[in-house]
Amino acid sequence: MLLRLWLKEVFALSKKNSSVLAKQHRAGWIYLAPAALLIVIMSFWPMIQAFLMSLKTGSSANMQWVEPIFYNYKRMFADKLFIRSVGNTFLYLIIQVPIMLVVAMLLAQMLNNKDLKFKGLFRTCVFLPCAMSLVSYSLIFKSMFATNGLINSVLLNLGLIEQNINFLGTTSTARMIIIIALVWRWTGYNMVFYLAGLQGIEYSVYEAAKIDGANAWQTFWRITVPLLKPTIVMTGIMSINGTLQLFDESVNLTSGGPANSTITMSHYIYQNSFGDFVANFGYASALSFVVFIMVAVLSAINLKVGDKRD
Amino acid sequence: MKKKLLSLVLVGAMSTAMLAGCGNSSAPAADSQTPAADTQAPAADTQAPAADTAASDNASAGGNTLSVYAWDPSFNILALKAAEADYKANVDDTFSLNIIEQSQSSDVEQAITLAGSSGDYSQLPDIVLFQDHWFQKYASDYPDAWLSVDDAEVDWNDFGAEKLSYSTVNGVHYGFPVDNGTVIMAYRVDVLEECGYTIDDMTGISWDDFIKIGEEVYAKTGKYLVSMDGDGNDLIYMMLQAEGGSQFKDGKPYITENADLVKVCEKIVEMSQKNVCYLANDWSDYTDQTIQGDMVAGVMNGNWIIPTIQNVPENSGKWEITSMPTLNGGEGYASNGGSSLYITSNCQNPDLAKKFLAYTFGGSTETYDAALRDGGVITCCISAGKSDVYNEGVEYFKNTPIYAQIVEMGSHVNVIEQNDAHYTARTHMAAAIMNAIQGADLMTELKTAEENINFAMGN
């Protein structure tokens, strides 16, 4: 009802005015206004609120400005657990993102082969993990790698290990499992972007390369990768962004353990608001803003590096 | 011009209409914020009219109905139903209790956090069940969420002093105890027998004896003598309480200087390294794998762990309980977990709520007997614990009267200094223990933990 009235207004307005350009401009703005307003109110306003909150402290029922005003920001540099969570997150980032993107690209290249049979089936198989809920896949990985889980019994029965390994209870293996889980979950997702990118590369380019005697390896590095650059930059930004905000795996797969050695930044922020360090919303907001800045800076670097137009 | 204005108004109307559902509680419709709205279980089958009114507003609008948030349908909720039946039969047959089931205790905590943060308590029910260790923190963070029950007609001296210390703030009572967190040390007597020990050999021993026996048990049967969730390690708190000590002194962490605490931590590390204690990766690993998966010959935790033990029917008659070991030998007593009922500031009928809670959980044997029979909920009300039901033998535990035994043990628990930062301390101490087991120096780790707790508390 409201919407119909609204449209009526818009058309009535545009009929009256003389200049076509002005008419169009006005109509455009009117069309944009509701969405823009909603974005401002629901997205930007909370961000401003969160920033103000990050300068406050105390119980969320009665928050006070901190003294000095940037204390929450200063405080995190002395917070060993936060620094550890930053370290963990960057560890995942540095190891997982390159592995994932390279594997995704190779898979895309293979599945882009014109002569491949059952292409659709394979593509679906690789993409399928992305259709899975983050929580459920974390829980499945958790039960697979449990001390009495599937992986342990398989390894034990193959005679590869002598006694069950406590995968999730040991720092190094717990981190490794998070990385494996991430690669499993997100490779197919990135592959789809590469596949789309590959469709955009003219086949004649490859033919020309073939005539010039380039082998598959050279074709991949000299033709595919440079031509896919915009896609690579985009997936890179998305992966960095996603990894810095990693939450579900840390919470559900390892609960940040053992001894907080796999906790991520987002998990730590959650801990400060609803977890064991409950209702410390001021500090949690400050942490969120720092994560926001990190994502922005890393994405900017990525864009700059990727955007070398000669 | 007029139309332009009208269109602007319309824009405003559209956006506010969309926003109204999010923040303002006065909007009766889409209230996606309150956890109650979606978790609202088809409450108790007996009160259809009550459930209807609760859909729009959790607090009852007066009359003879009270609403309550609670979790665990096989434990706490059965106790509440017992109380409802008792009050209905003996005081007011028009009374009804609208139990709104929550999937876990943290849902109730988040409901309070949400109400407190927005300053709008109108979505809270009349009564909430709340975890004991969390209450002090929430009482100081959201003082406006609670109503004092000091003037209720209850003989507070009839309750275990340790239990009341959780629900009392500056000498003012806020809560009615429901269960009893007294720690039990349960053993598989058949396994002990195999190694040549009886339950009496395990009573009043020191942790060193415990470790010696534990090593033997592990060598002979491959079972650990005790287990715990490694990241939510309650062993430290329980073992220290049995010594009469606390991790806090005058409101500050008291760790590296605390000789008993250091010794307790040393023992836990030693037990884990010698395969006497198994630290699980998380809570479900602890309950499902170690206890129900038959990995252990002993369980030490608050007595609410009993239903978990009893989930394995083929082990019936193989368990018995006793008190905890201590550092220097002698019987140890502690308490861990448990919850109490609190009246919220949104309660529409505080007098009825107080009367109801005072009559039932304030010491009615009928309530407590039914709660025990149906849900295994053990009271910390001293007089109610003397009834016949408590003295019946329990088949699962070799027909020993474990409930009377637990109530008796509960009267010995030391009152120790409690602190808001209980769970913060637990997290950091658990991390210290984990690192020490993996080879780090315990004292350095404890020092880090102390710094971290101080840091988190803002000291």
# chains A, B, ... in the order shown; residues from 1 in each chain; ligands from 1

$ residues_around --residues "B:Met228" --least-positions-apart "6" --cutoff "12 Å" --atoms "only C-alpha atoms" --output "PyMOL selection string"
chain B and resi 234-236+238+268+271-272+276-291+295-296+298-302+305+430+434

$ residues_around --residues "A:Thr124" --least-positions-apart "3" --cutoff "12 Å" --atoms "only C-alpha atoms" --output "ChimeraX atom specification"
/A:111,118-121,127-131,188-189,191-192

$ write_last_selection --atoms "C-alpha atoms" --output "tab-separated table (two decimals), in the first residue's frame"
chain	number	residue	atom	x	y	z
A	111	LEU	CA	37.59	-28.15	-14.81
A	118	PHE	CA	31.05	-34.99	-16.41
A	119	LYS	CA	32.23	-31.41	-15.99
A	120	GLY	CA	29.04	-30.40	-14.19
A	121	LEU	CA	29.34	-33.24	-11.72
A	127	PHE	CA	31.50	-26.37	-4.89
A	128	LEU	CA	29.30	-28.44	-2.60
A	129	PRO	CA	31.21	-27.76	0.67
A	130	CYS	CA	30.24	-24.09	0.33
A	131	ALA	CA	26.60	-24.98	0.54
A	188	GLY	CA	35.24	-24.44	-4.19
A	189	TYR	CA	33.84	-21.01	-3.53
A	191	MET	CA	37.10	-21.79	-7.78
A	192	VAL	CA	33.74	-20.61	-9.06

$ select_by_dssp --residues "stretch 178-408 of chain B" --states "helix (DSSP H, G or I)" --output "JSON, numbers by chain"
{"B": [189, 190, 191, 192, 193, 194, 200, 201, 202, 207, 208, 209, 210, 211, 212, 213, 214, 215, 216, 217, 218, 219, 220, 221, 235, 236, 237, 238, 239, 240, 241, 242, 259, 260, 261, 262, 263, 264, 265, 266, 267, 268, 269, 270, 271, 272, 273, 283, 284, 285, 286, 287, 288, 289, 290, 291, 303, 304, 305, 306, 307, 308, 309, 310, 313, 314, 315, 350, 351, 352, 353, 354, 355, 356, 357, 358, 359, 365, 366, 367, 368, 369, 370, 371, 372, 373, 374, 375, 384, 385, 386, 388, 389, 390, 391, 395, 396, 397, 402, 403, 404, 405, 406, 407, 408]}

$ interface_residues --of "chain B" --to "chain A" --cutoff "6 Å" --atoms "only C-alpha atoms" --output "VMD selection string"
chain B and resid 116 to 117 141 281 423 to 424 431 434

$ select_by_dssp --residues "stretch 144-313 of chain B" --states "strand (DSSP E)" --output "count of residues only"
30

$ closest_residue --among "A:Lys210, A:Arg185, A:Pro68, A:Ile165" --to "A:Gly149" --atoms "only C-alpha atoms"
A:Ile165

$ residues_around --residues "B:Leu372" --least-positions-apart "4" --cutoff "9 Å" --atoms "only C-alpha atoms" --output "list in words"
Leu78, Ala79, Thr367, Tyr368, Gly376, Val377, Ile378, Thr379, Val389, Tyr390 and Tyr403 of chain B

$ write_last_selection --atoms "all heavy atoms" --output "PDB file, in the first residue's frame"
ATOM      1  N   LEU B  78      11.893 -29.799  35.969  1.00  0.00           N
ATOM      2  CA  LEU B  78      11.112 -30.728  36.790  1.00  0.00           C
ATOM      3  C   LEU B  78      10.960 -30.200  38.216  1.00  0.00           C
ATOM      4  O   LEU B  78       9.919 -30.363  38.848  1.00  0.00           O
ATOM      5  CB  LEU B  78      11.765 -32.109  36.784  1.00  0.00           C
ATOM      6  CG  LEU B  78      11.725 -32.829  35.433  1.00  0.00           C
ATOM      7  CD1 LEU B  78      12.442 -34.156  35.504  1.00  0.00           C
ATOM      8  CD2 LEU B  78      10.285 -33.033  34.989  1.00  0.00           C
ATOM      9  N   ALA B  79      12.005 -29.539  38.704  1.00  0.00           N
ATOM     10  CA  ALA B  79      11.919 -28.959  40.046  1.00  0.00           C
ATOM     11  C   ALA B  79      10.866 -27.858  40.072  1.00  0.00           C
ATOM     12  O   ALA B  79      10.082 -27.742  41.018  1.00  0.00           O
ATOM     13  CB  ALA B  79      13.274 -28.412  40.466  1.00  0.00           C
ATOM     14  N   THR B 367       7.755 -30.013  47.742  1.00  0.00           N
ATOM     15  CA  THR B 367       8.445 -29.565  46.525  1.00  0.00           C
ATOM     16  C   THR B 367       9.764 -30.312  46.360  1.00  0.00           C
ATOM     17  O   THR B 367      10.055 -30.887  45.306  1.00  0.00           O
ATOM     18  CB  THR B 367       8.743 -28.054  46.597  1.00  0.00           C
ATOM     19  OG1 THR B 367       7.515 -27.359  46.644  1.00  0.00           O
ATOM     20  CG2 THR B 367       9.545 -27.603  45.398  1.00  0.00           C
ATOM     21  N   TYR B 368      10.548 -30.296  47.409  1.00  0.00           N
ATOM     22  CA  TYR B 368      11.888 -30.859  47.287  1.00  0.00           C
ATOM     23  C   TYR B 368      11.877 -32.371  47.096  1.00  0.00           C
ATOM     24  O   TYR B 368      12.695 -32.914  46.376  1.00  0.00           O
ATOM     25  CB  TYR B 368      12.743 -30.465  48.502  1.00  0.00           C
ATOM     26  CG  TYR B 368      13.261 -29.053  48.397  1.00  0.00           C
ATOM     27  CD1 TYR B 368      12.991 -28.107  49.373  1.00  0.00           C
ATOM     28  CD2 TYR B 368      14.033 -28.663  47.306  1.00  0.00           C
ATOM     29  CE1 TYR B 368      13.476 -26.809  49.279  1.00  0.00           C
ATOM     30  CE2 TYR B 368      14.519 -27.365  47.193  1.00  0.00           C
ATOM     31  CZ  TYR B 368      14.235 -26.449  48.190  1.00  0.00           C
ATOM     32  OH  TYR B 368      14.721 -25.180  48.083  1.00  0.00           O
ATOM     33  N   GLY B 376      16.021 -35.673  40.272  1.00  0.00           N
ATOM     34  CA  GLY B 376      17.307 -35.840  40.954  1.00  0.00           C
ATOM     35  C   GLY B 376      17.871 -34.517  41.441  1.00  0.00           C
ATOM     36  O   GLY B 376      19.079 -34.369  41.608  1.00  0.00           O
ATOM     37  N   VAL B 377      17.013 -33.519  41.658  1.00  0.00           N
ATOM     38  CA  VAL B 377      17.485 -32.221  42.133  1.00  0.00           C
ATOM     39  C   VAL B 377      17.628 -32.278  43.653  1.00  0.00           C
ATOM     40  O   VAL B 377      16.663 -32.521  44.367  1.00  0.00           O
ATOM     41  CB  VAL B 377      16.495 -31.098  41.756  1.00  0.00           C
ATOM     42  CG1 VAL B 377      17.003 -29.760  42.239  1.00  0.00           C
ATOM     43  CG2 VAL B 377      16.269 -31.082  40.254  1.00  0.00           C
ATOM     44  N   ILE B 378      18.833 -32.059  44.122  1.00  0.00           N
ATOM     45  CA  ILE B 378      19.101 -32.179  45.554  1.00  0.00           C
ATOM     46  C   ILE B 378      19.086 -30.805  46.188  1.00  0.00           C
ATOM     47  O   ILE B 378      19.691 -29.864  45.679  1.00  0.00           O
ATOM     48  CB  ILE B 378      20.471 -32.852  45.775  1.00  0.00           C
ATOM     49  CG1 ILE B 378      20.457 -34.226  45.111  1.00  0.00           C
ATOM     50  CG2 ILE B 378      20.778 -32.967  47.247  1.00  0.00           C
ATOM     51  CD1 ILE B 378      21.801 -34.853  45.035  1.00  0.00           C
ATOM     52  N   THR B 379      18.415 -30.692  47.290  1.00  0.00           N
ATOM     53  CA  THR B 379      18.276 -29.385  47.923  1.00  0.00           C
ATOM     54  C   THR B 379      19.502 -29.033  48.767  1.00  0.00           C
ATOM     55  O   THR B 379      20.282 -29.898  49.141  1.00  0.00           O
ATOM     56  CB  THR B 379      17.033 -29.366  48.832  1.00  0.00           C
ATOM     57  OG1 THR B 379      16.952 -28.093  49.449  1.00  0.00           O
ATOM     58  CG2 THR B 379      17.131 -30.418  49.912  1.00  0.00           C
ATOM     59  N   VAL B 389      12.490 -39.468  51.643  1.00  0.00           N
ATOM     60  CA  VAL B 389      12.924 -39.687  50.264  1.00  0.00           C
ATOM     61  C   VAL B 389      14.438 -39.587  50.155  1.00  0.00           C
ATOM     62  O   VAL B 389      15.087 -40.313  49.407  1.00  0.00           O
ATOM     63  CB  VAL B 389      12.253 -38.648  49.336  1.00  0.00           C
ATOM     64  CG1 VAL B 389      12.660 -38.868  47.903  1.00  0.00           C
ATOM     65  CG2 VAL B 389      10.746 -38.724  49.476  1.00  0.00           C
ATOM     66  N   TYR B 390      15.003 -38.663  50.942  1.00  0.00           N
ATOM     67  CA  TYR B 390      16.452 -38.482  50.887  1.00  0.00           C
ATOM     68  C   TYR B 390      17.213 -39.666  51.444  1.00  0.00           C
ATOM     69  O   TYR B 390      18.371 -39.872  51.118  1.00  0.00           O
ATOM     70  CB  TYR B 390      16.842 -37.189  51.619  1.00  0.00           C
ATOM     71  CG  TYR B 390      16.720 -35.986  50.727  1.00  0.00           C
ATOM     72  CD1 TYR B 390      15.499 -35.359  50.528  1.00  0.00           C
ATOM     73  CD2 TYR B 390      17.834 -35.500  50.046  1.00  0.00           C
ATOM     74  CE1 TYR B 390      15.380 -34.280  49.679  1.00  0.00           C
ATOM     75  CE2 TYR B 390      17.722 -34.418  49.191  1.00  0.00           C
ATOM     76  CZ  TYR B 390      16.492 -33.808  49.013  1.00  0.00           C
ATOM     77  OH  TYR B 390      16.389 -32.756  48.165  1.00  0.00           O
ATOM     78  N   TYR B 403      21.768 -39.354  48.422  1.00  0.00           N
ATOM     79  CA  TYR B 403      21.224 -37.994  48.540  1.00  0.00           C
ATOM     80  C   TYR B 403      21.425 -37.444  49.948  1.00  0.00           C
ATOM     81  O   TYR B 403      21.840 -36.301  50.119  1.00  0.00           O
ATOM     82  CB  TYR B 403      19.753 -37.973  48.124  1.00  0.00           C
ATOM     83  CG  TYR B 403      19.556 -38.396  46.690  1.00  0.00           C
ATOM     84  CD1 TYR B 403      18.655 -39.382  46.332  1.00  0.00           C
ATOM     85  CD2 TYR B 403      20.326 -37.807  45.690  1.00  0.00           C
ATOM     86  CE1 TYR B 403      18.503 -39.759  45.006  1.00  0.00           C
ATOM     87  CE2 TYR B 403      20.185 -38.189  44.371  1.00  0.00           C
ATOM     88  CZ  TYR B 403      19.266 -39.167  44.024  1.00  0.00           C
ATOM     89  OH  TYR B 403      19.125 -39.540  42.722  1.00  0.00           O
TER      90      TYR B 403
END

$ residues_around --residues "A:Tyr206" --least-positions-apart "2" --cutoff "10 Å" --atoms "only C-alpha atoms" --output "PyMOL selection string"
chain A and resi 201-204+208-212+214+216+219-220+223-224

$ write_last_selection --atoms "C-alpha atoms" --output "short mmCIF file (atom, residue, chain, number, x, y, z; two decimals), in the first residue's frame"
data_model
loop_
_atom_site.label_atom_id
_atom_site.label_comp_id
_atom_site.auth_asym_id
_atom_site.auth_seq_id
_atom_site.Cartn_x
_atom_site.Cartn_y
_atom_site.Cartn_z
CA ILE A 201 39.60 -15.49 -21.71
CA GLU A 202 39.47 -15.96 -25.46
CA TYR A 203 40.35 -19.48 -26.51
CA SER A 204 42.30 -18.02 -29.42
CA ALA A 208 48.24 -18.78 -30.27
CA ALA A 209 50.32 -19.86 -27.29
CA LYS A 210 50.14 -23.45 -28.42
CA ILE A 211 51.32 -22.51 -31.87
CA ASP A 212 54.22 -20.64 -30.30
CA ALA A 214 54.22 -22.96 -24.92
CA ALA A 216 50.83 -26.19 -20.09
CA THR A 219 50.45 -21.22 -20.53
CA PHE A 220 49.15 -21.23 -16.97
CA ILE A 223 48.51 -16.38 -19.88
CA THR A 224 45.96 -17.60 -17.38
#

$ residues_around --residues "B:Cys195" --least-positions-apart "2" --cutoff "8 Å" --atoms "only C-alpha atoms" --output "JSON list (two decimals) with C-alpha atoms, in the first residue's frame"
[["chain", "number", "residue", "atom", "x", "y", "z"],
["B", 191, "VAL", "CA", 37.39, -51.17, 38.88],
["B", 192, "LEU", "CA", 38.82, -50.25, 42.27],
["B", 193, "GLU", "CA", 38.23, -53.81, 43.46],
["B", 197, "TYR", "CA", 40.95, -51.06, 46.74],
["B", 216, "GLU", "CA", 48.00, -48.44, 39.41],
["B", 217, "VAL", "CA", 44.46, -48.23, 38.07],
["B", 220, "LYS", "CA", 45.91, -52.37, 35.23]]

$ decode --residues "stretch 150-170 of chain A" --atoms "N, CA and C atoms" --output "PDB file, in the first residue's frame"
ATOM      1  N   LEU A 150      36.871 -40.652  13.578  1.00  0.00           N
ATOM      2  CA  LEU A 150      37.090 -41.407  12.341  1.00  0.00           C
ATOM      3  C   LEU A 150      38.556 -41.410  11.919  1.00  0.00           C
ATOM      4  N   ILE A 151      39.162 -40.233  11.875  1.00  0.00           N
ATOM      5  CA  ILE A 151      40.534 -40.126  11.361  1.00  0.00           C
ATOM      6  C   ILE A 151      41.477 -40.986  12.200  1.00  0.00           C
ATOM      7  N   ASN A 152      41.298 -40.893  13.540  1.00  0.00           N
ATOM      8  CA  ASN A 152      42.161 -41.687  14.405  1.00  0.00           C
ATOM      9  C   ASN A 152      41.985 -43.179  14.156  1.00  0.00           C
ATOM     10  N   SER A 153      40.746 -43.630  14.008  1.00  0.00           N
ATOM     11  CA  SER A 153      40.578 -45.076  13.829  1.00  0.00           C
ATOM     12  C   SER A 153      41.106 -45.528  12.472  1.00  0.00           C
ATOM     13  N   VAL A 154      40.942 -44.668  11.453  1.00  0.00           N
ATOM     14  CA  VAL A 154      41.491 -45.039  10.145  1.00  0.00           C
ATOM     15  C   VAL A 154      43.011 -45.154  10.220  1.00  0.00           C
ATOM     16  N   LEU A 155      43.634 -44.122  10.801  1.00  0.00           N
ATOM     17  CA  LEU A 155      45.098 -44.135  10.897  1.00  0.00           C
ATOM     18  C   LEU A 155      45.582 -45.317  11.725  1.00  0.00           C
ATOM     19  N   LEU A 156      44.832 -45.610  12.787  1.00  0.00           N
ATOM     20  CA  LEU A 156      45.210 -46.709  13.683  1.00  0.00           C
ATOM     21  C   LEU A 156      45.107 -48.046  12.944  1.00  0.00           C
ATOM     22  N   ASN A 157      44.010 -48.217  12.208  1.00  0.00           N
ATOM     23  CA  ASN A 157      43.817 -49.480  11.499  1.00  0.00           C
ATOM     24  C   ASN A 157      44.766 -49.647  10.334  1.00  0.00           C
ATOM     25  N   LEU A 158      45.239 -48.549   9.778  1.00  0.00           N
ATOM     26  CA  LEU A 158      46.226 -48.645   8.706  1.00  0.00           C
ATOM     27  C   LEU A 158      47.629 -48.870   9.273  1.00  0.00           C
ATOM     28  N   GLY A 159      47.718 -48.784  10.610  1.00  0.00           N
ATOM     29  CA  GLY A 159      49.010 -48.985  11.238  1.00  0.00           C
ATOM     30  C   GLY A 159      49.928 -47.790  11.116  1.00  0.00           C
ATOM     31  N   LEU A 160      49.383 -46.626  10.785  1.00  0.00           N
ATOM     32  CA  LEU A 160      50.233 -45.438  10.631  1.00  0.00           C
ATOM     33  C   LEU A 160      50.579 -44.801  11.979  1.00  0.00           C
ATOM     34  N   ILE A 161      49.694 -44.975  12.955  1.00  0.00           N
ATOM     35  CA  ILE A 161      49.979 -44.456  14.289  1.00  0.00           C
ATOM     36  C   ILE A 161      49.782 -45.578  15.295  1.00  0.00           C
ATOM     37  N   GLU A 162      50.428 -45.436  16.468  1.00  0.00           N
ATOM     38  CA  GLU A 162      50.328 -46.515  17.451  1.00  0.00           C
ATOM     39  C   GLU A 162      49.233 -46.284  18.469  1.00  0.00           C
ATOM     40  N   GLN A 163      48.983 -45.032  18.788  1.00  0.00           N
ATOM     41  CA  GLN A 163      47.866 -44.766  19.683  1.00  0.00           C
ATOM     42  C   GLN A 163      47.155 -43.494  19.233  1.00  0.00           C
ATOM     43  N   ASN A 164      45.928 -43.342  19.682  1.00  0.00           N
ATOM     44  CA  ASN A 164      45.125 -42.210  19.216  1.00  0.00           C
ATOM     45  C   ASN A 164      45.823 -40.876  19.464  1.00  0.00           C
ATOM     46  N   ILE A 165      45.741 -40.003  18.477  1.00  0.00           N
ATOM     47  CA  ILE A 165      46.322 -38.672  18.620  1.00  0.00           C
ATOM     48  C   ILE A 165      45.231 -37.714  19.057  1.00  0.00           C
ATOM     49  N   ASN A 166      45.542 -36.876  20.038  1.00  0.00           N
ATOM     50  CA  ASN A 166      44.584 -35.877  20.483  1.00  0.00           C
ATOM     51  C   ASN A 166      44.723 -34.641  19.595  1.00  0.00           C
ATOM     52  N   PHE A 167      44.177 -34.739  18.375  1.00  0.00           N
ATOM     53  CA  PHE A 167      44.368 -33.682  17.376  1.00  0.00           C
ATOM     54  C   PHE A 167      43.981 -32.304  17.889  1.00  0.00           C
ATOM     55  N   LEU A 168      42.782 -32.231  18.483  1.00  0.00           N
ATOM     56  CA  LEU A 168      42.275 -30.918  18.860  1.00  0.00           C
ATOM     57  C   LEU A 168      42.818 -30.461  20.217  1.00  0.00           C
ATOM     58  N   GLY A 169      43.531 -31.335  20.898  1.00  0.00           N
ATOM     59  CA  GLY A 169      44.058 -30.975  22.213  1.00  0.00           C
ATOM     60  C   GLY A 169      45.524 -30.574  22.155  1.00  0.00           C
ATOM     61  N   THR A 170      46.108 -30.560  20.965  1.00  0.00           N
ATOM     62  CA  THR A 170      47.510 -30.187  20.823  1.00  0.00           C
ATOM     63  C   THR A 170      47.582 -28.971  19.913  1.00  0.00           C
TER      64      THR A 170
END
